[in-house]
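Engineer: First, the structure itself, so that you have it in front of you.
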Amino acid sequence: MLELRDVTFAYNRNQPPAVANVSLTIRRGEFVAIAGRNGSGKTTITKLMMSLLKPTHGQIFRDDEDTKSCTPADMARYIGYVFQNPDRQIFRDTVRQEISYGPEMLGFSSEKISEVTEQAMKLTGVADLADRYPRTLTRSQKQRVAIASALSMTPDFLILDEPTSGQDADTHERFMALLKDFHSSGKTIILVTHDMDCLVRYAERVIVMDKGIKLFDGSVTDCFADRRRLHEAGLREPATVSVSNGLAPQGISLTTDVASLAEQILAKRGGLNG
């Protein structure tokens, strides 16, 4: 469990805080999306969770243990963190060496390092790139290497900051399928994203940030039920929500699920045909 208690963080004393009085709890097994416009504080929150930043005020706990004295290396035993720009965390000469770095730093045995490295490469589809120089890879390949590096440390939590940016549709689908499999194994995913269509398909819970304040924390359906709140947070409606809202006069209820929307439309058509 990760818990933030009344957390505030400011990069500069002369500026408003990037995160202001935020409290929230994320439990094992959840798939949580953090959304908001640029500068809303969503990335800052994940860096605080990872101890890359320390609160100006408030406390952060991991399983009831205050993380005040924890370093990012300490937190890496439990949380895998994937930056928005994979180049920020890639620095070794081969993909295999890059992915094995984390387990090495955690003190895994040589046998365990080999095991988790090979498993992470297989899961993320980069085994055929094992001997390549990471800097020469495409952006999507680098992203998969970065995720493999996080998975190789066998974390309970995985934080990803805008991981699907710049991906084509096919790569995006394969990438999200990988995250879904990871989540299905009982792990926790915290996804920072601007992609509302992706959010409604995969997330179970949404945290909306705006100007450093937690504007909303709840179910995906409840999040998109309030158009005014979406507008205030600078978020757009996903396609399913827009269509179901547009068909509301015909008796279609709000839904974030494509299958549910299709079933309602077919049911209405069947009733009209009858």
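How things are named: the first chain in the structure tokens is A, the next is B, and so on; residues count from 1 in each chain; ligands count from 1 in the order shown.
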For region 80-108 of chain A versus region 119-140 of chain A, which residues have an atom no more than 8 Å away, and what is each residue's nearest atom pair and distance in Å rounded to one decimal, using only C-alpha atoms, chain-then-number order, as a tab-separated table?
Structural biologist:
```
residue	atom	partner	partner_atom	distance
A:Pro86	CA	A:Arg139	CA	7.7
A:Asp87	CA	A:Arg135	CA	7.6
A:Ile90	CA	A:Pro134	CA	7.1
A:Phe91	CA	A:Pro134	CA	7.9
A:Arg92	CA	A:Pro134	CA	7.5
A:Asp93	CA	A:Tyr133	CA	5.4
A:Thr94	CA	A:Tyr133	CA	4.7
A:Val95	CA	A:Ala130	CA	4.8
A:Arg96	CA	A:Ala130	CA	4.8
A:Ile99	CA	A:Ala120	CA	7.8
```
Engineer: Please produce a file of those selected residues containing N, CA and C atoms, as a CSV table (one decimal), in the first residue's frame.
Structural biologist:
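After the write, out.csv holds the following:
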```csv
chain,number,residue,atom,x,y,z
A,86,PRO,N,12.4,7.5,-22.1
A,86,PRO,CA,13.2,6.4,-21.7
A,86,PRO,C,14.7,6.7,-21.8
A,87,ASP,N,15.1,7.6,-22.6
A,87,ASP,CA,16.5,8.0,-22.6
A,87,ASP,C,17.1,8.4,-21.3
A,90,ILE,N,18.3,5.0,-19.5
A,90,ILE,CA,19.1,4.0,-20.3
A,90,ILE,C,20.5,4.5,-20.4
A,91,PHE,N,21.5,3.7,-20.0
A,91,PHE,CA,22.9,4.1,-20.0
A,91,PHE,C,23.9,3.0,-20.2
A,92,ARG,N,23.5,1.8,-20.2
A,92,ARG,CA,24.5,0.7,-20.4
A,92,ARG,C,24.7,0.3,-21.9
A,93,ASP,N,25.6,-0.6,-22.1
A,93,ASP,CA,26.1,-0.9,-23.5
A,93,ASP,C,25.2,-1.8,-24.3
A,94,THR,N,24.5,-2.7,-23.6
A,94,THR,CA,23.6,-3.6,-24.3
A,94,THR,C,22.2,-3.7,-23.5
A,95,VAL,N,21.2,-4.1,-24.2
A,95,VAL,CA,19.9,-4.2,-23.6
A,95,VAL,C,19.9,-5.2,-22.4
A,96,ARG,N,20.6,-6.3,-22.6
A,96,ARG,CA,20.7,-7.3,-21.5
A,96,ARG,C,21.3,-6.6,-20.3
A,99,ILE,N,18.9,-4.1,-18.6
A,99,ILE,CA,17.8,-4.8,-17.8
A,99,ILE,C,18.3,-5.5,-16.5
```
Engineer: List as a CSV table (one decimal) with C-alpha atoms, in the first residue's frame the protein and nucleic acid residues near region 3-16 of chain A, meaning an atom at most 8 Å away when only C-alpha atoms are counted, but skip any in the same chain fewer than 3 places from it.
Structural biologist:
```csv
chain,number,residue,atom,x,y,z
A,19,VAL,CA,1.3,19.6,-5.2
A,20,ALA,CA,-1.0,21.0,-2.4
A,21,ASN,CA,-2.4,19.1,0.5
A,22,VAL,CA,-3.0,15.8,-1.3
A,23,SER,CA,-4.1,12.7,0.5
A,24,LEU,CA,-4.7,9.4,-1.2
A,25,THR,CA,-4.2,5.7,-0.8
A,26,ILE,CA,-3.3,3.2,-3.5
A,54,LYS,CA,10.5,14.7,-0.7
A,55,PRO,CA,7.4,16.4,0.6
A,56,THR,CA,7.7,20.0,1.8
A,57,HIS,CA,4.8,19.1,4.1
A,58,GLY,CA,3.0,15.9,5.0
A,59,GLN,CA,4.0,12.2,5.0
A,60,ILE,CA,4.2,9.3,2.5
A,61,PHE,CA,3.9,5.7,3.8
A,62,ARG,CA,4.6,2.4,2.2
```
Engineer: Which residue out of A:His172, A:Ala150, A:Ile265, A:Asn85 has the minimum interatomic distance to Leu247 (chain A) when only C-alpha atoms are used?
Structural biologist: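 Comparing A:His172, A:Ala150, A:Ile265, A:Asn85 against Leu247 (chain A), the winner is A:Ile265.
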Engineer: I need the residues of region 10-241 of chain A that end up classed as strand (DSSP E) by DSSP on the backbone, written out as a PyMOL selection string.
Structural biologist: chain A and resi 19-26+31-35+57-62+65-66+79-82+157-161+188-192+205-210+213-219
Engineer: Could you tell me which of A:Leu158, A:Arg201, A:Ser69, A:Gly36 comes closest to Arg229 (chain A) if we count only C-alpha atoms?
Structural biologist: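 Of all the options, A:Gly36 lies closest to Arg229 (chain A).
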Engineer: Which residue gives the smallest distance to Asp197 (chain A) among A:Thr71, A:Ser51, A:Thr164, A:Gln84, with only C-alpha atoms counted?
Structural biologist: A:Thr164
Engineer: Restricting the calculation to only C-alpha atoms: of A:Asp257, A:Asp64, A:Asp156, A:Glu173, which residue gets closest to Val243 (chain A)?
Structural biologist: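 Ranked by minimum distance to Val243 (chain A), first place goes to A:Asp257.
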Engineer: Please list as a PyMOL selection string every residue within 7 Å of Asp161 (chain A), counting only C-alpha atoms and excluding residues in the same chain fewer than 4 positions away.
Structural biologist: chain A and resi 43+82-84+191-193
Engineer: Just give me the gap between CA of Cys70 (chain A) and CA of Phe31 (chain A) in Å, one decimal is fine.
Structural biologist: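 Computing the Euclidean distance for CA of Cys70 (chain A) and CA of Phe31 (chain A) yields 24.4 Å.
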Engineer: Counting only C-alpha atoms, which of A:Ser100, A:Asn245, A:Asn38, A:Ser253 gets nearest to Ser149 (chain A)?
Structural biologist: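 Looking only at the distances to Ser149 (chain A), the closest residue turns out to be A:Ser100.
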Engineer: Taking 6 positions as the minimum chain separation for residues in the same chain, which residues sit within 10 Å of region 177-188 of chain A when counting only C-alpha atoms? Answer as a PDB file with N, CA and C atoms, in the first residue's frame.
Structural biologist:
```pdb
ATOM      1  N   MET A   1       0.832  -1.197   0.000  1.00  0.00           N
ATOM      2  CA  MET A   1       0.000   0.000   0.000  1.00  0.00           C
ATOM      3  C   MET A   1       0.867   1.247   0.000  1.00  0.00           C
ATOM      4  N   ILE A  26      -3.231   4.125  -2.361  1.00  0.00           N
ATOM      5  CA  ILE A  26      -3.252   3.186  -3.484  1.00  0.00           C
ATOM      6  C   ILE A  26      -2.873   1.809  -2.948  1.00  0.00           C
ATOM      7  N   ARG A  27      -3.772   0.855  -3.178  1.00  0.00           N
ATOM      8  CA  ARG A  27      -3.572  -0.484  -2.616  1.00  0.00           C
ATOM      9  C   ARG A  27      -3.068  -1.464  -3.676  1.00  0.00           C
ATOM     10  N   ARG A  28      -2.514  -2.554  -3.201  1.00  0.00           N
ATOM     11  CA  ARG A  28      -2.007  -3.584  -4.106  1.00  0.00           C
ATOM     12  C   ARG A  28      -3.131  -4.120  -4.990  1.00  0.00           C
ATOM     13  N   GLY A  29      -2.814  -4.318  -6.262  1.00  0.00           N
ATOM     14  CA  GLY A  29      -3.772  -4.896  -7.189  1.00  0.00           C
ATOM     15  C   GLY A  29      -4.620  -3.890  -7.931  1.00  0.00           C
ATOM     16  N   GLU A  30      -4.465  -2.595  -7.647  1.00  0.00           N
ATOM     17  CA  GLU A  30      -5.256  -1.593  -8.338  1.00  0.00           C
ATOM     18  C   GLU A  30      -4.613  -1.207  -9.679  1.00  0.00           C
ATOM     19  N   PHE A  31      -5.445  -0.723 -10.595  1.00  0.00           N
ATOM     20  CA  PHE A  31      -4.970  -0.116 -11.844  1.00  0.00           C
ATOM     21  C   PHE A  31      -5.488   1.316 -11.808  1.00  0.00           C
ATOM     22  N   VAL A  32      -4.600   2.236 -11.466  1.00  0.00           N
ATOM     23  CA  VAL A  32      -4.970   3.624 -11.233  1.00  0.00           C
ATOM     24  C   VAL A  32      -4.379   4.515 -12.321  1.00  0.00           C
ATOM     25  N   ILE A  79       8.854  -0.548  -6.020  1.00  0.00           N
ATOM     26  CA  ILE A  79       8.201   0.216  -7.078  1.00  0.00           C
ATOM     27  C   ILE A  79       9.105   0.308  -8.301  1.00  0.00           C
ATOM     28  N   LEU A 123       8.895 -11.147 -21.559  1.00  0.00           N
ATOM     29  CA  LEU A 123       7.591 -10.537 -21.318  1.00  0.00           C
ATOM     30  C   LEU A 123       7.371  -9.280 -22.149  1.00  0.00           C
ATOM     31  N   THR A 124       8.429  -8.508 -22.339  1.00  0.00           N
ATOM     32  CA  THR A 124       8.314  -7.235 -23.050  1.00  0.00           C
ATOM     33  C   THR A 124       8.673  -7.341 -24.529  1.00  0.00           C
ATOM     34  N   GLY A 125       9.031  -8.539 -24.985  1.00  0.00           N
ATOM     35  CA  GLY A 125       9.314  -8.739 -26.403  1.00  0.00           C
ATOM     36  C   GLY A 125      10.604  -8.118 -26.895  1.00  0.00           C
ATOM     37  N   ARG A 144      10.003  -0.254 -24.140  1.00  0.00           N
ATOM     38  CA  ARG A 144       9.876  -1.647 -23.694  1.00  0.00           C
ATOM     39  C   ARG A 144      11.091  -2.077 -22.881  1.00  0.00           C
ATOM     40  N   ILE A 147      10.651  -0.622 -19.426  1.00  0.00           N
ATOM     41  CA  ILE A 147       9.686  -1.403 -18.652  1.00  0.00           C
ATOM     42  C   ILE A 147      10.302  -2.727 -18.206  1.00  0.00           C
ATOM     43  N   LEU A 151      10.566  -4.262 -14.525  1.00  0.00           N
ATOM     44  CA  LEU A 151      10.007  -5.573 -14.187  1.00  0.00           C
ATOM     45  C   LEU A 151      11.065  -6.529 -13.648  1.00  0.00           C
ATOM     46  N   THR A 154      11.304  -7.179 -10.024  1.00  0.00           N
ATOM     47  CA  THR A 154      10.124  -7.836  -9.447  1.00  0.00           C
ATOM     48  C   THR A 154       9.360  -6.930  -8.475  1.00  0.00           C
ATOM     49  N   PRO A 155       8.940  -5.756  -8.918  1.00  0.00           N
ATOM     50  CA  PRO A 155       8.255  -4.820  -8.022  1.00  0.00           C
ATOM     51  C   PRO A 155       6.795  -5.204  -7.801  1.00  0.00           C
ATOM     52  N   ASP A 156       6.228  -4.697  -6.712  1.00  0.00           N
ATOM     53  CA  ASP A 156       4.802  -4.858  -6.454  1.00  0.00           C
ATOM     54  C   ASP A 156       4.003  -3.772  -7.165  1.00  0.00           C
ATOM     55  N   PHE A 157       4.630  -2.593  -7.343  1.00  0.00           N
ATOM     56  CA  PHE A 157       4.004  -1.454  -7.992  1.00  0.00           C
ATOM     57  C   PHE A 157       4.792  -1.082  -9.240  1.00  0.00           C
ATOM     58  N   LEU A 158       4.085  -0.637 -10.269  1.00  0.00           N
ATOM     59  CA  LEU A 158       4.738  -0.151 -11.486  1.00  0.00           C
ATOM     60  C   LEU A 158       4.130   1.206 -11.829  1.00  0.00           C
ATOM     61  N   ILE A 159       4.977   2.252 -11.836  1.00  0.00           N
ATOM     62  CA  ILE A 159       4.553   3.601 -12.189  1.00  0.00           C
ATOM     63  C   ILE A 159       5.069   3.928 -13.576  1.00  0.00           C
ATOM     64  N   LEU A 160       4.174   4.377 -14.456  1.00  0.00           N
ATOM     65  CA  LEU A 160       4.556   4.705 -15.829  1.00  0.00           C
ATOM     66  C   LEU A 160       4.057   6.111 -16.165  1.00  0.00           C
ATOM     67  N   THR A 171       1.596  -0.785 -31.845  1.00  0.00           N
ATOM     68  CA  THR A 171       2.528  -0.809 -30.711  1.00  0.00           C
ATOM     69  C   THR A 171       1.792  -0.485 -29.417  1.00  0.00           C
ATOM     70  N   TYR A 202      -8.669   0.695 -19.684  1.00  0.00           N
ATOM     71  CA  TYR A 202      -7.836  -0.118 -18.809  1.00  0.00           C
ATOM     72  C   TYR A 202      -7.891   0.237 -17.326  1.00  0.00           C
ATOM     73  N   ALA A 203      -8.063   1.489 -16.991  1.00  0.00           N
ATOM     74  CA  ALA A 203      -8.016   1.887 -15.582  1.00  0.00           C
ATOM     75  C   ALA A 203      -9.291   1.499 -14.848  1.00  0.00           C
TER      76      ALA A 203
END
```
Engineer: List every residue of region 230-267 of chain A that DSSP, applied to the backbone, labels as alpha helix (DSSP H), and write the result as a PyMOL selection string.
Structural biologist: chain A and resi 230-233+239-246+258-267
Engineer: When you count only C-alpha atoms, which of these residues is closest to Gly107 (chain A): A:Lys68, A:Met209, A:Lys142, A:Met153?
Structural biologist: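 Distance minimum relative to Gly107 (chain A) lands on A:Met153.
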Engineer: Leaving out Asp210 (chain A) and any residue of its chain fewer than 4 positions from it, which residues lie within 8 Å of it when counting only C-alpha atoms, given as an MDAnalysis selection string?
Structural biologist: chainID A and resid 36:37 39:41 214:215 233
Engineer: Restrict the selected residues to N, CA, C and O atoms and save them as a PDB file, in the first residue's frame.
Structural biologist:
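Final file, out.pdb:
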```
ATOM      1  N   GLY A  36      -4.598  14.798 -15.961  1.00  0.00           N
ATOM      2  CA  GLY A  36      -4.610  16.242 -15.751  1.00  0.00           C
ATOM      3  C   GLY A  36      -3.798  16.928 -16.830  1.00  0.00           C
ATOM      4  O   GLY A  36      -2.983  16.298 -17.510  1.00  0.00           O
ATOM      5  N   ARG A  37      -4.016  18.206 -16.989  1.00  0.00           N
ATOM      6  CA  ARG A  37      -3.281  18.966 -18.002  1.00  0.00           C
ATOM      7  C   ARG A  37      -1.810  19.090 -17.613  1.00  0.00           C
ATOM      8  O   ARG A  37      -1.421  18.735 -16.489  1.00  0.00           O
ATOM      9  N   GLY A  39       1.447  20.417 -16.137  1.00  0.00           N
ATOM     10  CA  GLY A  39       1.661  21.273 -14.976  1.00  0.00           C
ATOM     11  C   GLY A  39       0.657  21.087 -13.862  1.00  0.00           C
ATOM     12  O   GLY A  39       0.642  21.852 -12.893  1.00  0.00           O
ATOM     13  N   SER A  40      -0.166  20.046 -13.954  1.00  0.00           N
ATOM     14  CA  SER A  40      -1.207  19.829 -12.934  1.00  0.00           C
ATOM     15  C   SER A  40      -0.663  19.189 -11.659  1.00  0.00           C
ATOM     16  O   SER A  40      -1.331  19.205 -10.629  1.00  0.00           O
ATOM     17  N   GLY A  41       0.526  18.600 -11.742  1.00  0.00           N
ATOM     18  CA  GLY A  41       1.126  17.977 -10.561  1.00  0.00           C
ATOM     19  C   GLY A  41       1.152  16.467 -10.595  1.00  0.00           C
ATOM     20  O   GLY A  41       1.647  15.820  -9.663  1.00  0.00           O
ATOM     21  N   LYS A 214      -5.841  17.713  -5.829  1.00  0.00           N
ATOM     22  CA  LYS A 214      -6.580  16.517  -6.231  1.00  0.00           C
ATOM     23  C   LYS A 214      -8.025  16.911  -6.453  1.00  0.00           C
ATOM     24  O   LYS A 214      -8.772  17.159  -5.512  1.00  0.00           O
ATOM     25  N   LEU A 215      -8.422  16.958  -7.722  1.00  0.00           N
ATOM     26  CA  LEU A 215      -9.763  17.421  -8.083  1.00  0.00           C
ATOM     27  C   LEU A 215     -10.797  16.304  -7.999  1.00  0.00           C
ATOM     28  O   LEU A 215     -11.966  16.538  -7.693  1.00  0.00           O
ATOM     29  N   ALA A 233     -10.612  20.632 -15.573  1.00  0.00           N
ATOM     30  CA  ALA A 233      -9.315  19.956 -15.502  1.00  0.00           C
ATOM     31  C   ALA A 233      -8.587  19.914 -16.841  1.00  0.00           C
ATOM     32  O   ALA A 233      -7.471  19.399 -16.924  1.00  0.00           O
TER      33      ALA A 233
END
```
Engineer: Quick one: residues within 9 Å of Met196 (chain A), only C-alpha atoms, excluding same-chain residues fewer than 2 positions away - as a list in words?
Structural biologist: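 The neighbour list is Ala35, Thr193, His194, Cys198, Leu199, Val200, Arg201, Leu235, Arg236, Glu237, Pro238 and Ala239 of chain A.
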